[in-house]
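Visitor: Got a structure for you, written out below as structure tokens; questions coming shortly.
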Amino acid sequence: MTIRHIVEVGQFDRNWVESLFDHADRMRHLNAERAPLHGRILATLFYEPSTRTRLSFESAMLRLGGQVISTENAREFSSAIKGETVEDTVRIVAGYADGIVIRHYEQGAAGRAALASPVPIVNGGDGPGEHPTQALLDLYTIRHELGRIDGLRVALVGDLRFGRAARSLARLFCLTQNTELLFVSPPAVPMGGDVLAALDVSGVRYRIETDLARVLPEVDVVYQTRIQRERFATPEEYEASRGHYVLNENAFAQLARSAVVLHPLPRVDEIAPEVDADPRAAYFRQAHNGVFVRMALLDLLLGQ
Ligand code: CP
């Protein structure tokens, strides 16, 4: 299977994902003198804030011997402020770079960019839509931590409506076997019907739960997420959804010894720093894995 643009998780199949993960494993030990992307240029075009996605893609490109051009606040400091469309912008940037990672505040913007672009587009998050490379690094981390991606019971917790990372990861589990997903969210931000429909088609079992304490002892993975303050219409609606589910020492005491806790980060108050030193807290290792997964992706998309 050949993939030119990375827009959504539905593009992937199991063999492609396994092969990418094997390549990411090799990237952990890449000889610094090898530079498979020497002479290639990556543009990172970010209309929304980012720490991990932008910098890990840039780090990945530099580690592969390539170079990076970047706009970290394209909403204000690119010609978008003058009214330029995403389509026109990527047509122009494609003349300056061999690939573009784009993050945009509108769902579907990365797909529109891909239709207009003569060079590979990678969706680094499109509003409340998808974050496919985050889902890849999340599943890779599960494989790295637990040694498998099948036969797992996984709780997805927090903002499942606006959280594009949770939405993409749930869809990615469609490629796994014997998985059960437990969705635990405040009432205003449940998992979307589009994702549930995809799980139904793929035969992935899921339950909607409200009591996190009841769920914790029975899961292999907890995927905690931030309540996406920036996507609520009013501060009052945000306040009504925050603080429901917090992972602290008491919550960790309910977890199996072999369980792992992931979070796409950034966190606000949904994981207490007091549990960071617990070996089951895998979220900083998860963020680090993003470099290897994105190296593998860039090598695949931009290598000869
Ligand atoms: N997980 C993630 O997308 O983080 P950033 O918003 O910092 O890129």
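In the structure tokens, chains take the letters A, B, ... in the order shown, each chain's residues start at 1, and ligands count up from 1 in the order shown.
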Would you mind listing what lies within 7 Å of A:Ala259 as an MDAnalysis selection string, with only C-alpha atoms counted and same-chain residues fewer than 2 positions away left out?
Guide: chainID A and resid 219:221 255:257 261 280
Visitor: Tell me which protein, DNA and RNA residues are within 6 Å of stretch 44-46 of chain A, counting only C-alpha atoms, leaving out same-chain ones fewer than 6 positions away, and put them as a PyMOL selection string.
Guide: chain A and resi 70-74+100-103
Visitor: Enumerate as a ChimeraX atom specification the residues within 10 Å of ligand 1, counting only C-alpha atoms and all ligand atoms.
Guide: /A:46,48-57,103,124-125,131-135,137-138,163-165,225,263-267,286-287,290
Visitor: Between A:Asn15, A:Thr176, A:Asn31, A:Asn248, which is the closest to A:Thr2 once you count only C-alpha atoms?
Guide: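 Ranked by minimum distance to A:Thr2, first place goes to A:Asn15.
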Visitor: If we count only C-alpha atoms, what is near A:Ala272 at a cut-off of 12 Å, once residues fewer than 6 positions away on the same chain are taken out, given as a list in words?
Guide: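 Those residues are Gln224, Gly243, Tyr245, Val246, Leu247, Asn248, Glu249, Asn250, Ala251, Phe252, Asp278 and Ala281 of chain A.
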Visitor: Pick the closest to A:Glu236 from A:Leu37, A:Ala188, A:Ala109, A:Leu300: which is it, counting only C-alpha atoms?
Guide: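 Nearest to A:Glu236: A:Ala188.
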Visitor: As a list in words, please: the residues near A:Ile6 (cut-off 8 Å, only C-alpha atoms, same-chain neighbours under 3 positions excluded).
Guide: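 Using only C-alpha atoms, the neighbours found are Ile3, Gln11, Pro120, Ile121, Val122, Asn123, Pro132 and Thr133 of chain A.
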Visitor: Residues at most 9 Å from A:Phe173, counting only C-alpha atoms, excluding those fewer than 3 positions away in the same chain, as an mmCIF file with N, CA and C atoms, in the first residue's frame?
Guide:
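So out03.cif came out as:
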data_model
loop_
_atom_site.group_PDB
_atom_site.id
_atom_site.type_symbol
_atom_site.label_atom_id
_atom_site.label_comp_id
_atom_site.auth_asym_id
_atom_site.auth_seq_id
_atom_site.Cartn_x
_atom_site.Cartn_y
_atom_site.Cartn_z
ATOM 1 N N LEU A 139 -0.519 4.252 19.471
ATOM 2 C CA LEU A 139 -0.594 2.788 19.336
ATOM 3 C C LEU A 139 0.810 2.189 19.352
ATOM 4 N N ILE A 149 -0.784 -5.124 20.469
ATOM 5 C CA ILE A 149 -1.861 -4.157 20.243
ATOM 6 C C ILE A 149 -3.216 -4.848 20.112
ATOM 7 N N ASP A 150 -3.239 -6.152 20.266
ATOM 8 C CA ASP A 150 -4.500 -6.899 20.214
ATOM 9 C C ASP A 150 -4.864 -7.380 21.617
ATOM 10 N N SER A 168 -9.067 9.911 16.811
ATOM 11 C CA SER A 168 -8.230 9.170 15.857
ATOM 12 C C SER A 168 -7.766 7.837 16.435
ATOM 13 N N LEU A 169 -7.414 7.830 17.730
ATOM 14 C CA LEU A 169 -6.956 6.571 18.322
ATOM 15 C C LEU A 169 -8.082 5.537 18.329
ATOM 16 N N ALA A 170 -9.296 5.955 18.675
ATOM 17 C CA ALA A 170 -10.429 5.016 18.663
ATOM 18 C C ALA A 170 -10.590 4.412 17.270
ATOM 19 N N THR A 176 -7.271 -3.464 14.989
ATOM 20 C CA THR A 176 -6.790 -4.437 15.979
ATOM 21 C C THR A 176 -7.856 -5.509 16.200
ATOM 22 N N GLN A 177 -7.442 -6.577 16.884
ATOM 23 C CA GLN A 177 -8.323 -7.715 17.136
ATOM 24 C C GLN A 177 -8.667 -7.787 18.624
ATOM 25 N N THR A 179 -10.400 -6.166 20.751
ATOM 26 C CA THR A 179 -10.217 -4.949 21.558
ATOM 27 C C THR A 179 -11.554 -4.558 22.165
ATOM 28 N N LEU A 181 -13.160 -1.052 23.942
ATOM 29 C CA LEU A 181 -12.949 0.347 24.328
ATOM 30 C C LEU A 181 -14.013 0.759 25.337
ATOM 31 N N LEU A 199 -16.560 1.993 14.554
ATOM 32 C CA LEU A 199 -16.260 0.848 15.424
ATOM 33 C C LEU A 199 -17.270 -0.268 15.178
ATOM 34 N N VAL A 204 -15.422 -3.623 16.570
ATOM 35 C CA VAL A 204 -14.738 -3.321 17.839
ATOM 36 C C VAL A 204 -15.804 -3.099 18.919
#
Visitor: Enumerate the residues of stretch 64-231 of chain A with a DSSP assignment of alpha helix (DSSP H), computed from the backbone, and present them as a compact mmCIF listing (two decimals) with all heavy atoms, in the first residue's frame.
Guide:
# COMPACT_ATOMS: atom_id res chain seq x y z
N ALA A 74 0.65 30.52 11.92
CA ALA A 74 0.25 30.87 10.55
C ALA A 74 -1.07 31.64 10.53
O ALA A 74 -1.34 32.37 9.58
CB ALA A 74 0.14 29.60 9.72
N ARG A 75 -1.88 31.49 11.58
CA ARG A 75 -3.16 32.21 11.59
C ARG A 75 -2.93 33.72 11.59
O ARG A 75 -3.67 34.46 10.96
CB ARG A 75 -3.95 31.78 12.84
CG ARG A 75 -5.40 32.14 12.80
CD ARG A 75 -6.15 31.45 13.93
NE ARG A 75 -7.57 31.67 13.81
CZ ARG A 75 -8.49 31.01 14.49
NH1 ARG A 75 -8.14 30.04 15.33
NH2 ARG A 75 -9.76 31.27 14.35
N GLU A 76 -1.89 34.18 12.29
CA GLU A 76 -1.60 35.62 12.36
C GLU A 76 -0.45 36.05 11.48
O GLU A 76 -0.46 37.15 10.94
CB GLU A 76 -1.26 36.01 13.81
CG GLU A 76 -2.46 36.07 14.73
CD GLU A 76 -2.05 36.55 16.12
OE1 GLU A 76 -1.40 37.61 16.21
OE2 GLU A 76 -2.35 35.84 17.09
N PHE A 77 0.58 35.18 11.37
CA PHE A 77 1.82 35.64 10.73
C PHE A 77 2.06 35.03 9.36
O PHE A 77 3.17 35.10 8.84
CB PHE A 77 3.01 35.37 11.67
CG PHE A 77 2.91 36.12 12.96
CD1 PHE A 77 3.15 35.51 14.17
CD2 PHE A 77 2.56 37.47 12.96
CE1 PHE A 77 3.05 36.21 15.36
CE2 PHE A 77 2.45 38.17 14.15
CZ PHE A 77 2.69 37.54 15.36
N VAL A 86 -6.22 28.16 2.43
CA VAL A 86 -5.28 27.07 2.70
C VAL A 86 -4.79 26.46 1.40
O VAL A 86 -3.59 26.15 1.25
CB VAL A 86 -5.96 25.99 3.58
CG1 VAL A 86 -5.13 24.74 3.65
CG2 VAL A 86 -6.22 26.54 4.97
N GLU A 87 -5.70 26.30 0.44
CA GLU A 87 -5.32 25.69 -0.83
C GLU A 87 -4.22 26.51 -1.52
O GLU A 87 -3.22 25.96 -1.99
CB GLU A 87 -6.54 25.59 -1.76
CG GLU A 87 -7.54 24.52 -1.37
CD GLU A 87 -8.59 25.01 -0.37
OE1 GLU A 87 -8.36 26.04 0.30
OE2 GLU A 87 -9.64 24.36 -0.25
N ASP A 88 -4.41 27.83 -1.59
CA ASP A 88 -3.39 28.67 -2.23
C ASP A 88 -2.09 28.63 -1.45
O ASP A 88 -1.00 28.59 -2.03
CB ASP A 88 -3.89 30.12 -2.35
CG ASP A 88 -4.80 30.31 -3.56
OD1 ASP A 88 -5.01 29.33 -4.31
OD2 ASP A 88 -5.30 31.44 -3.75
N THR A 89 -2.19 28.67 -0.12
CA THR A 89 -0.97 28.67 0.68
C THR A 89 -0.15 27.41 0.42
O THR A 89 1.07 27.48 0.21
CB THR A 89 -1.31 28.80 2.18
OG1 THR A 89 -2.01 30.03 2.38
CG2 THR A 89 -0.06 28.80 3.03
N VAL A 90 -0.79 26.23 0.41
CA VAL A 90 0.01 25.01 0.21
C VAL A 90 0.55 24.93 -1.22
O VAL A 90 1.65 24.41 -1.44
CB VAL A 90 -0.73 23.70 0.60
CG1 VAL A 90 -1.13 23.72 2.05
CG2 VAL A 90 -1.90 23.43 -0.29
N ARG A 91 -0.19 25.47 -2.18
CA ARG A 91 0.35 25.50 -3.56
C ARG A 91 1.66 26.28 -3.58
O ARG A 91 2.61 25.92 -4.27
CB ARG A 91 -0.65 26.16 -4.51
CG ARG A 91 -1.81 25.26 -4.90
CD ARG A 91 -2.73 25.92 -5.92
NE ARG A 91 -3.95 25.16 -6.07
CZ ARG A 91 -5.16 25.55 -5.67
NH1 ARG A 91 -5.34 26.73 -5.11
NH2 ARG A 91 -6.21 24.75 -5.82
N ILE A 92 1.71 27.37 -2.83
CA ILE A 92 2.92 28.20 -2.78
C ILE A 92 4.02 27.50 -2.00
O ILE A 92 5.16 27.37 -2.47
CB ILE A 92 2.60 29.57 -2.14
CG1 ILE A 92 1.55 30.33 -2.98
CG2 ILE A 92 3.87 30.39 -1.96
CD1 ILE A 92 1.94 30.56 -4.43
N VAL A 93 3.67 27.01 -0.78
CA VAL A 93 4.70 26.40 0.08
C VAL A 93 5.27 25.15 -0.58
O VAL A 93 6.45 24.81 -0.39
CB VAL A 93 4.11 26.11 1.48
CG1 VAL A 93 5.12 25.37 2.35
CG2 VAL A 93 3.69 27.42 2.15
N ALA A 109 -9.57 20.83 6.95
CA ALA A 109 -8.61 21.70 6.26
C ALA A 109 -7.43 20.91 5.70
O ALA A 109 -6.95 21.20 4.59
CB ALA A 109 -8.11 22.79 7.21
N ALA A 110 -6.97 19.89 6.44
CA ALA A 110 -5.82 19.10 5.94
C ALA A 110 -6.21 18.33 4.68
O ALA A 110 -5.40 18.19 3.75
CB ALA A 110 -5.31 18.16 7.02
N GLY A 111 -7.44 17.84 4.65
CA GLY A 111 -7.91 17.13 3.45
C GLY A 111 -7.97 18.06 2.26
O GLY A 111 -7.60 17.69 1.14
N ARG A 112 -8.42 19.30 2.48
CA ARG A 112 -8.47 20.28 1.39
C ARG A 112 -7.05 20.61 0.92
O ARG A 112 -6.80 20.73 -0.28
CB ARG A 112 -9.18 21.55 1.85
CG ARG A 112 -10.65 21.34 2.22
CD ARG A 112 -11.45 22.63 2.14
NE ARG A 112 -10.76 23.83 2.57
CZ ARG A 112 -10.79 24.34 3.81
NH1 ARG A 112 -11.47 23.74 4.76
NH2 ARG A 112 -10.13 25.45 4.09
N ALA A 113 -6.15 20.74 1.87
CA ALA A 113 -4.75 21.02 1.52
C ALA A 113 -4.18 19.88 0.67
O ALA A 113 -3.49 20.12 -0.33
CB ALA A 113 -3.92 21.20 2.79
N ALA A 114 -4.50 18.64 1.05
CA ALA A 114 -3.96 17.49 0.31
C ALA A 114 -4.48 17.48 -1.13
O ALA A 114 -3.73 17.14 -2.06
CB ALA A 114 -4.34 16.19 1.02
N LEU A 115 -5.74 17.86 -1.32
CA LEU A 115 -6.29 17.88 -2.68
C LEU A 115 -5.59 18.92 -3.56
O LEU A 115 -5.48 18.74 -4.78
CB LEU A 115 -7.80 18.19 -2.63
CG LEU A 115 -8.69 17.05 -2.11
CD1 LEU A 115 -10.14 17.52 -1.99
CD2 LEU A 115 -8.60 15.83 -3.03
N ALA A 116 -5.10 20.00 -2.93
CA ALA A 116 -4.48 21.08 -3.70
C ALA A 116 -2.97 20.93 -3.85
O ALA A 116 -2.37 21.61 -4.69
CB ALA A 116 -4.78 22.43 -3.02
N PRO A 132 -4.02 12.07 13.02
CA PRO A 132 -3.61 10.69 12.72
C PRO A 132 -2.21 10.32 13.17
O PRO A 132 -1.99 9.17 13.57
CB PRO A 132 -3.75 10.62 11.19
CG PRO A 132 -3.76 12.03 10.71
CD PRO A 132 -4.36 12.84 11.81
N THR A 133 -1.25 11.26 13.11
CA THR A 133 0.11 10.86 13.52
C THR A 133 0.20 10.71 15.03
O THR A 133 1.01 9.94 15.53
CB THR A 133 1.18 11.83 12.99
OG1 THR A 133 1.10 13.09 13.67
CG2 THR A 133 1.04 12.05 11.49
N GLN A 134 -0.67 11.43 15.78
CA GLN A 134 -0.73 11.22 17.23
C GLN A 134 -1.24 9.81 17.52
O GLN A 134 -0.70 9.10 18.38
CB GLN A 134 -1.65 12.26 17.87
CG GLN A 134 -1.81 12.10 19.38
CD GLN A 134 -0.56 12.45 20.17
OE1 GLN A 134 0.08 13.46 19.90
NE2 GLN A 134 -0.19 11.61 21.12
N ALA A 135 -2.28 9.40 16.79
CA ALA A 135 -2.83 8.05 17.01
C ALA A 135 -1.78 6.98 16.71
O ALA A 135 -1.68 5.98 17.42
CB ALA A 135 -4.07 7.84 16.14
N LEU A 136 -0.98 7.21 15.66
CA LEU A 136 0.07 6.24 15.33
C LEU A 136 1.09 6.14 16.46
O LEU A 136 1.48 5.05 16.87
CB LEU A 136 0.76 6.63 14.03
CG LEU A 136 -0.09 6.43 12.75
CD1 LEU A 136 0.58 7.11 11.56
CD2 LEU A 136 -0.30 4.95 12.46
N LEU A 137 1.49 7.29 16.99
CA LEU A 137 2.50 7.22 18.06
C LEU A 137 1.88 6.66 19.35
O LEU A 137 2.57 6.02 20.15
CB LEU A 137 3.19 8.57 18.26
CG LEU A 137 2.50 9.67 19.05
CD1 LEU A 137 2.81 9.59 20.53
CD2 LEU A 137 2.97 11.03 18.52
N ASP A 138 0.58 6.86 19.53
CA ASP A 138 -0.09 6.30 20.70
C ASP A 138 -0.13 4.77 20.63
O ASP A 138 0.21 4.07 21.59
CB ASP A 138 -1.52 6.83 20.80
CG ASP A 138 -1.58 8.33 21.05
OD1 ASP A 138 -0.58 8.89 21.52
OD2 ASP A 138 -2.64 8.93 20.76
N LEU A 139 -0.52 4.25 19.47
CA LEU A 139 -0.59 2.79 19.34
C LEU A 139 0.81 2.19 19.35
O LEU A 139 1.02 1.11 19.90
CB LEU A 139 -1.34 2.41 18.05
CG LEU A 139 -1.79 0.95 17.97
CD1 LEU A 139 -2.77 0.58 19.09
CD2 LEU A 139 -2.42 0.64 16.61
N TYR A 140 1.76 2.90 18.76
CA TYR A 140 3.16 2.44 18.80
C TYR A 140 3.63 2.34 20.27
O TYR A 140 4.30 1.40 20.66
CB TYR A 140 4.04 3.41 18.02
CG TYR A 140 5.52 3.11 18.11
CD1 TYR A 140 6.11 2.13 17.33
CD2 TYR A 140 6.33 3.81 19.02
CE1 TYR A 140 7.47 1.86 17.42
CE2 TYR A 140 7.68 3.54 19.12
CZ TYR A 140 8.25 2.56 18.32
OH TYR A 140 9.59 2.28 18.44
N THR A 141 3.25 3.35 21.05
CA THR A 141 3.65 3.34 22.46
C THR A 141 3.03 2.15 23.19
O THR A 141 3.68 1.50 24.02
CB THR A 141 3.24 4.67 23.14
OG1 THR A 141 3.93 5.73 22.48
CG2 THR A 141 3.59 4.67 24.62
N ILE A 142 1.78 1.85 22.88
CA ILE A 142 1.13 0.68 23.50
C ILE A 142 1.91 -0.58 23.14
O ILE A 142 2.20 -1.43 23.99
CB ILE A 142 -0.35 0.60 23.07
CG1 ILE A 142 -1.14 1.75 23.71
CG2 ILE A 142 -0.96 -0.75 23.45
CD1 ILE A 142 -2.56 1.92 23.19
N ARG A 143 2.28 -0.72 21.87
CA ARG A 143 3.05 -1.89 21.45
C ARG A 143 4.39 -1.92 22.18
O ARG A 143 4.84 -2.98 22.64
CB ARG A 143 3.26 -1.89 19.94
CG ARG A 143 3.93 -3.15 19.43
CD ARG A 143 4.03 -3.20 17.92
NE ARG A 143 5.32 -2.73 17.44
CZ ARG A 143 5.88 -3.10 16.27
NH1 ARG A 143 5.23 -3.93 15.48
NH2 ARG A 143 7.04 -2.61 15.89
N HIS A 144 5.02 -0.77 22.30
CA HIS A 144 6.34 -0.71 22.93
C HIS A 144 6.25 -1.02 24.43
O HIS A 144 7.13 -1.67 24.99
CB HIS A 144 6.92 0.69 22.71
CG HIS A 144 8.39 0.77 22.92
ND1 HIS A 144 9.30 0.20 22.06
CD2 HIS A 144 9.12 1.34 23.90
CE1 HIS A 144 10.52 0.42 22.50
NE2 HIS A 144 10.44 1.11 23.61
N GLU A 145 5.19 -0.54 25.06
CA GLU A 145 5.05 -0.72 26.52
C GLU A 145 4.55 -2.11 26.89
O GLU A 145 5.01 -2.69 27.87
CB GLU A 145 4.07 0.32 27.08
CG GLU A 145 4.55 1.76 26.98
CD GLU A 145 5.60 2.14 28.02
OE1 GLU A 145 5.53 1.59 29.14
OE2 GLU A 145 6.48 2.96 27.71
N LEU A 146 3.56 -2.61 26.11
CA LEU A 146 2.87 -3.86 26.50
C LEU A 146 3.23 -5.04 25.61
O LEU A 146 2.86 -6.18 25.91
CB LEU A 146 1.34 -3.66 26.47
CG LEU A 146 0.79 -2.58 27.42
CD1 LEU A 146 -0.73 -2.50 27.29
CD2 LEU A 146 1.18 -2.87 28.87
N ARG A 164 -9.32 15.48 19.26
CA ARG A 164 -9.05 14.78 17.99
C ARG A 164 -8.12 13.60 18.18
O ARG A 164 -8.16 12.64 17.42
CB ARG A 164 -8.49 15.78 16.98
CG ARG A 164 -7.24 16.51 17.47
CD ARG A 164 -6.94 17.74 16.65
NE ARG A 164 -5.85 18.52 17.20
CZ ARG A 164 -5.64 19.80 16.94
NH1 ARG A 164 -6.44 20.45 16.14
NH2 ARG A 164 -4.62 20.44 17.46
N ALA A 165 -7.25 13.65 19.22
CA ALA A 165 -6.33 12.53 19.44
C ALA A 165 -7.12 11.28 19.84
O ALA A 165 -6.88 10.19 19.32
CB ALA A 165 -5.32 12.91 20.52
N ALA A 166 -8.08 11.44 20.75
CA ALA A 166 -8.89 10.29 21.18
C ALA A 166 -9.75 9.78 20.03
O ALA A 166 -9.94 8.57 19.86
CB ALA A 166 -9.77 10.69 22.37
N ARG A 167 -10.26 10.70 19.24
CA ARG A 167 -11.10 10.29 18.10
C ARG A 167 -10.28 9.45 17.10
O ARG A 167 -10.72 8.40 16.63
CB ARG A 167 -11.66 11.53 17.39
CG ARG A 167 -12.75 12.25 18.16
CD ARG A 167 -13.11 13.60 17.52
NE ARG A 167 -13.32 13.54 16.09
CZ ARG A 167 -14.41 13.04 15.49
NH1 ARG A 167 -15.40 12.56 16.22
NH2 ARG A 167 -14.50 13.02 14.18
N SER A 168 -9.07 9.91 16.81
CA SER A 168 -8.23 9.17 15.86
C SER A 168 -7.77 7.84 16.43
O SER A 168 -7.72 6.83 15.73
CB SER A 168 -7.01 10.01 15.45
OG SER A 168 -7.39 11.00 14.52
N LEU A 169 -7.41 7.83 17.73
CA LEU A 169 -6.96 6.57 18.32
C LEU A 169 -8.08 5.54 18.33
O LEU A 169 -7.86 4.36 18.02
CB LEU A 169 -6.43 6.81 19.74
CG LEU A 169 -5.90 5.56 20.44
CD1 LEU A 169 -4.75 4.92 19.65
CD2 LEU A 169 -5.45 5.88 21.86
N ALA A 170 -9.30 5.95 18.68
CA ALA A 170 -10.43 5.02 18.66
C ALA A 170 -10.59 4.41 17.27
O ALA A 170 -10.77 3.20 17.11
CB ALA A 170 -11.71 5.72 19.10
N ARG A 171 -10.49 5.24 16.24
CA ARG A 171 -10.60 4.73 14.87
C ARG A 171 -9.46 3.77 14.54
O ARG A 171 -9.65 2.78 13.84
CB ARG A 171 -10.55 5.89 13.87
CG ARG A 171 -11.84 6.68 13.78
CD ARG A 171 -11.69 7.77 12.72
NE ARG A 171 -12.85 8.62 12.63
CZ ARG A 171 -13.92 8.36 11.86
NH1 ARG A 171 -13.95 7.26 11.14
NH2 ARG A 171 -14.94 9.18 11.83
N LEU A 172 -8.25 4.07 15.04
CA LEU A 172 -7.11 3.21 14.73
C LEU A 172 -7.29 1.81 15.34
O LEU A 172 -6.79 0.82 14.79
CB LEU A 172 -5.81 3.87 15.23
CG LEU A 172 -4.49 3.28 14.72
CD1 LEU A 172 -4.43 3.21 13.20
CD2 LEU A 172 -3.31 4.08 15.26
N GLY A 193 -20.75 10.13 17.21
CA GLY A 193 -21.47 9.05 16.54
C GLY A 193 -20.74 8.54 15.31
O GLY A 193 -20.85 7.36 14.96
N ASP A 194 -19.94 9.41 14.64
CA ASP A 194 -19.20 8.97 13.46
C ASP A 194 -18.14 7.93 13.85
O ASP A 194 -17.95 6.93 13.15
CB ASP A 194 -18.56 10.17 12.74
CG ASP A 194 -17.65 10.99 13.64
OD1 ASP A 194 -17.82 10.98 14.88
OD2 ASP A 194 -16.74 11.66 13.10
N VAL A 195 -17.50 8.14 15.00
CA VAL A 195 -16.49 7.18 15.46
C VAL A 195 -17.17 5.89 15.90
O VAL A 195 -16.71 4.78 15.57
CB VAL A 195 -15.64 7.78 16.60
CG1 VAL A 195 -14.68 6.73 17.16
CG2 VAL A 195 -14.87 8.99 16.10
N LEU A 196 -18.28 5.99 16.63
CA LEU A 196 -18.98 4.78 17.09
C LEU A 196 -19.44 3.96 15.88
O LEU A 196 -19.36 2.73 15.90
CB LEU A 196 -20.19 5.16 17.96
CG LEU A 196 -19.87 5.96 19.23
CD1 LEU A 196 -21.14 6.18 20.06
CD2 LEU A 196 -18.80 5.28 20.08
N ALA A 197 -19.89 4.65 14.83
CA ALA A 197 -20.33 3.93 13.62
C ALA A 197 -19.16 3.17 12.99
O ALA A 197 -19.32 2.03 12.55
CB ALA A 197 -20.94 4.91 12.63
N ALA A 198 -17.98 3.79 12.97
CA ALA A 198 -16.80 3.12 12.40
C ALA A 198 -16.44 1.89 13.24
O ALA A 198 -16.07 0.84 12.70
CB ALA A 198 -15.62 4.10 12.34
N LEU A 199 -16.56 1.99 14.55
CA LEU A 199 -16.26 0.85 15.42
C LEU A 199 -17.27 -0.27 15.18
O LEU A 199 -16.91 -1.45 15.14
CB LEU A 199 -16.29 1.28 16.90
CG LEU A 199 -15.25 2.33 17.30
CD1 LEU A 199 -15.48 2.79 18.73
CD2 LEU A 199 -13.83 1.79 17.14
N ASP A 200 -18.54 0.11 15.01
CA ASP A 200 -19.58 -0.89 14.73
C ASP A 200 -19.26 -1.67 13.45
O ASP A 200 -19.35 -2.90 13.41
CB ASP A 200 -20.96 -0.21 14.59
CG ASP A 200 -21.52 0.24 15.93
OD1 ASP A 200 -21.13 -0.33 16.97
OD2 ASP A 200 -22.33 1.19 15.93
N VAL A 201 -18.87 -0.93 12.42
CA VAL A 201 -18.57 -1.57 11.13
C VAL A 201 -17.39 -2.55 11.28
O VAL A 201 -17.37 -3.63 10.70
CB VAL A 201 -18.26 -0.50 10.06
CG1 VAL A 201 -17.65 -1.12 8.81
CG2 VAL A 201 -19.53 0.27 9.71
N SER A 202 -16.40 -2.16 12.09
CA SER A 202 -15.19 -2.98 12.25
C SER A 202 -15.34 -4.06 13.30
O SER A 202 -14.42 -4.87 13.48
CB SER A 202 -14.00 -2.09 12.64
OG SER A 202 -13.78 -1.13 11.64
N LEU A 212 -15.33 6.23 36.57
CA LEU A 212 -13.94 5.92 36.27
C LEU A 212 -13.36 4.94 37.29
O LEU A 212 -12.60 4.03 36.93
CB LEU A 212 -13.11 7.20 36.22
CG LEU A 212 -11.63 7.02 35.87
CD1 LEU A 212 -11.45 6.40 34.48
CD2 LEU A 212 -10.89 8.37 35.93
N ALA A 213 -13.72 5.08 38.56
CA ALA A 213 -13.17 4.20 39.60
C ALA A 213 -13.54 2.74 39.32
O ALA A 213 -12.76 1.83 39.62
CB ALA A 213 -13.69 4.63 40.97
N ARG A 214 -14.70 2.51 38.74
CA ARG A 214 -15.14 1.16 38.44
C ARG A 214 -14.37 0.59 37.22
O ARG A 214 -14.11 -0.60 37.13
CB ARG A 214 -16.64 1.16 38.13
CG ARG A 214 -17.33 -0.16 38.43
CD ARG A 214 -18.79 -0.03 38.18
NE ARG A 214 -19.06 0.16 36.77
CZ ARG A 214 -19.86 -0.61 36.05
NH1 ARG A 214 -20.46 -1.62 36.62
NH2 ARG A 214 -20.06 -0.38 34.78
N VAL A 215 -14.01 1.49 36.32
CA VAL A 215 -13.35 1.09 35.07
C VAL A 215 -11.86 0.77 35.30
O VAL A 215 -11.31 -0.16 34.70
CB VAL A 215 -13.51 2.24 34.04
CG1 VAL A 215 -12.51 2.15 32.91
CG2 VAL A 215 -14.95 2.29 33.52
Visitor: Write out as a list in words the residues lying within 10 Å of A:Glu33, counting only C-alpha atoms and excluding same-chain residues fewer than 2 positions away.
Guide: Leu30, Asn31, Ala35, Pro36, Arg63, Leu64 and Gly65 of chain A
Visitor: Residues of the last selection are to be written out with C-alpha atoms, as a PDB file, in the first residue's frame.
Guide:
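The resulting again-v3.pdb:
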ATOM      1  CA  LEU A  30      19.658   5.287  13.324  1.00  0.00           C
ATOM      2  CA  ASN A  31      23.334   5.934  12.752  1.00  0.00           C
ATOM      3  CA  ALA A  35      21.106  11.072   6.355  1.00  0.00           C
ATOM      4  CA  PRO A  36      18.364   9.543   4.189  1.00  0.00           C
ATOM      5  CA  ARG A  63      17.697  13.741  12.582  1.00  0.00           C
ATOM      6  CA  LEU A  64      17.122  12.335   9.087  1.00  0.00           C
ATOM      7  CA  GLY A  65      19.531  14.876   7.617  1.00  0.00           C
TER       8      GLY A  65
END
Visitor: Could you go through stretch 90-231 of chain A and tell me which residues DSSP, when run on the backbone, assigns to strand (DSSP E), listing them as a VMD selection string?
Guide: chain A and resid 99 to 104 121 to 126 153 to 157 180 to 184 205 to 209 221 to 224
Visitor: Go through A:Val293, A:Val184, A:Asp98, A:Arg226 and flag the residue nearest A:Phe21, using only C-alpha atoms for the distances.
Guide: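 Of all the options, A:Val293 lies closest to A:Phe21.
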Visitor: At a cut-off of 8 Å, using only C-alpha atoms, what residues contact A:Phe183? Leave out same-chain residues fewer than 5 positions from it and give the result as a list in words.
Guide: Ala155, Leu156, Val157, Leu160, Pro190, Met191, Tyr206, Arg207, Ile208 and Glu209 of chain A
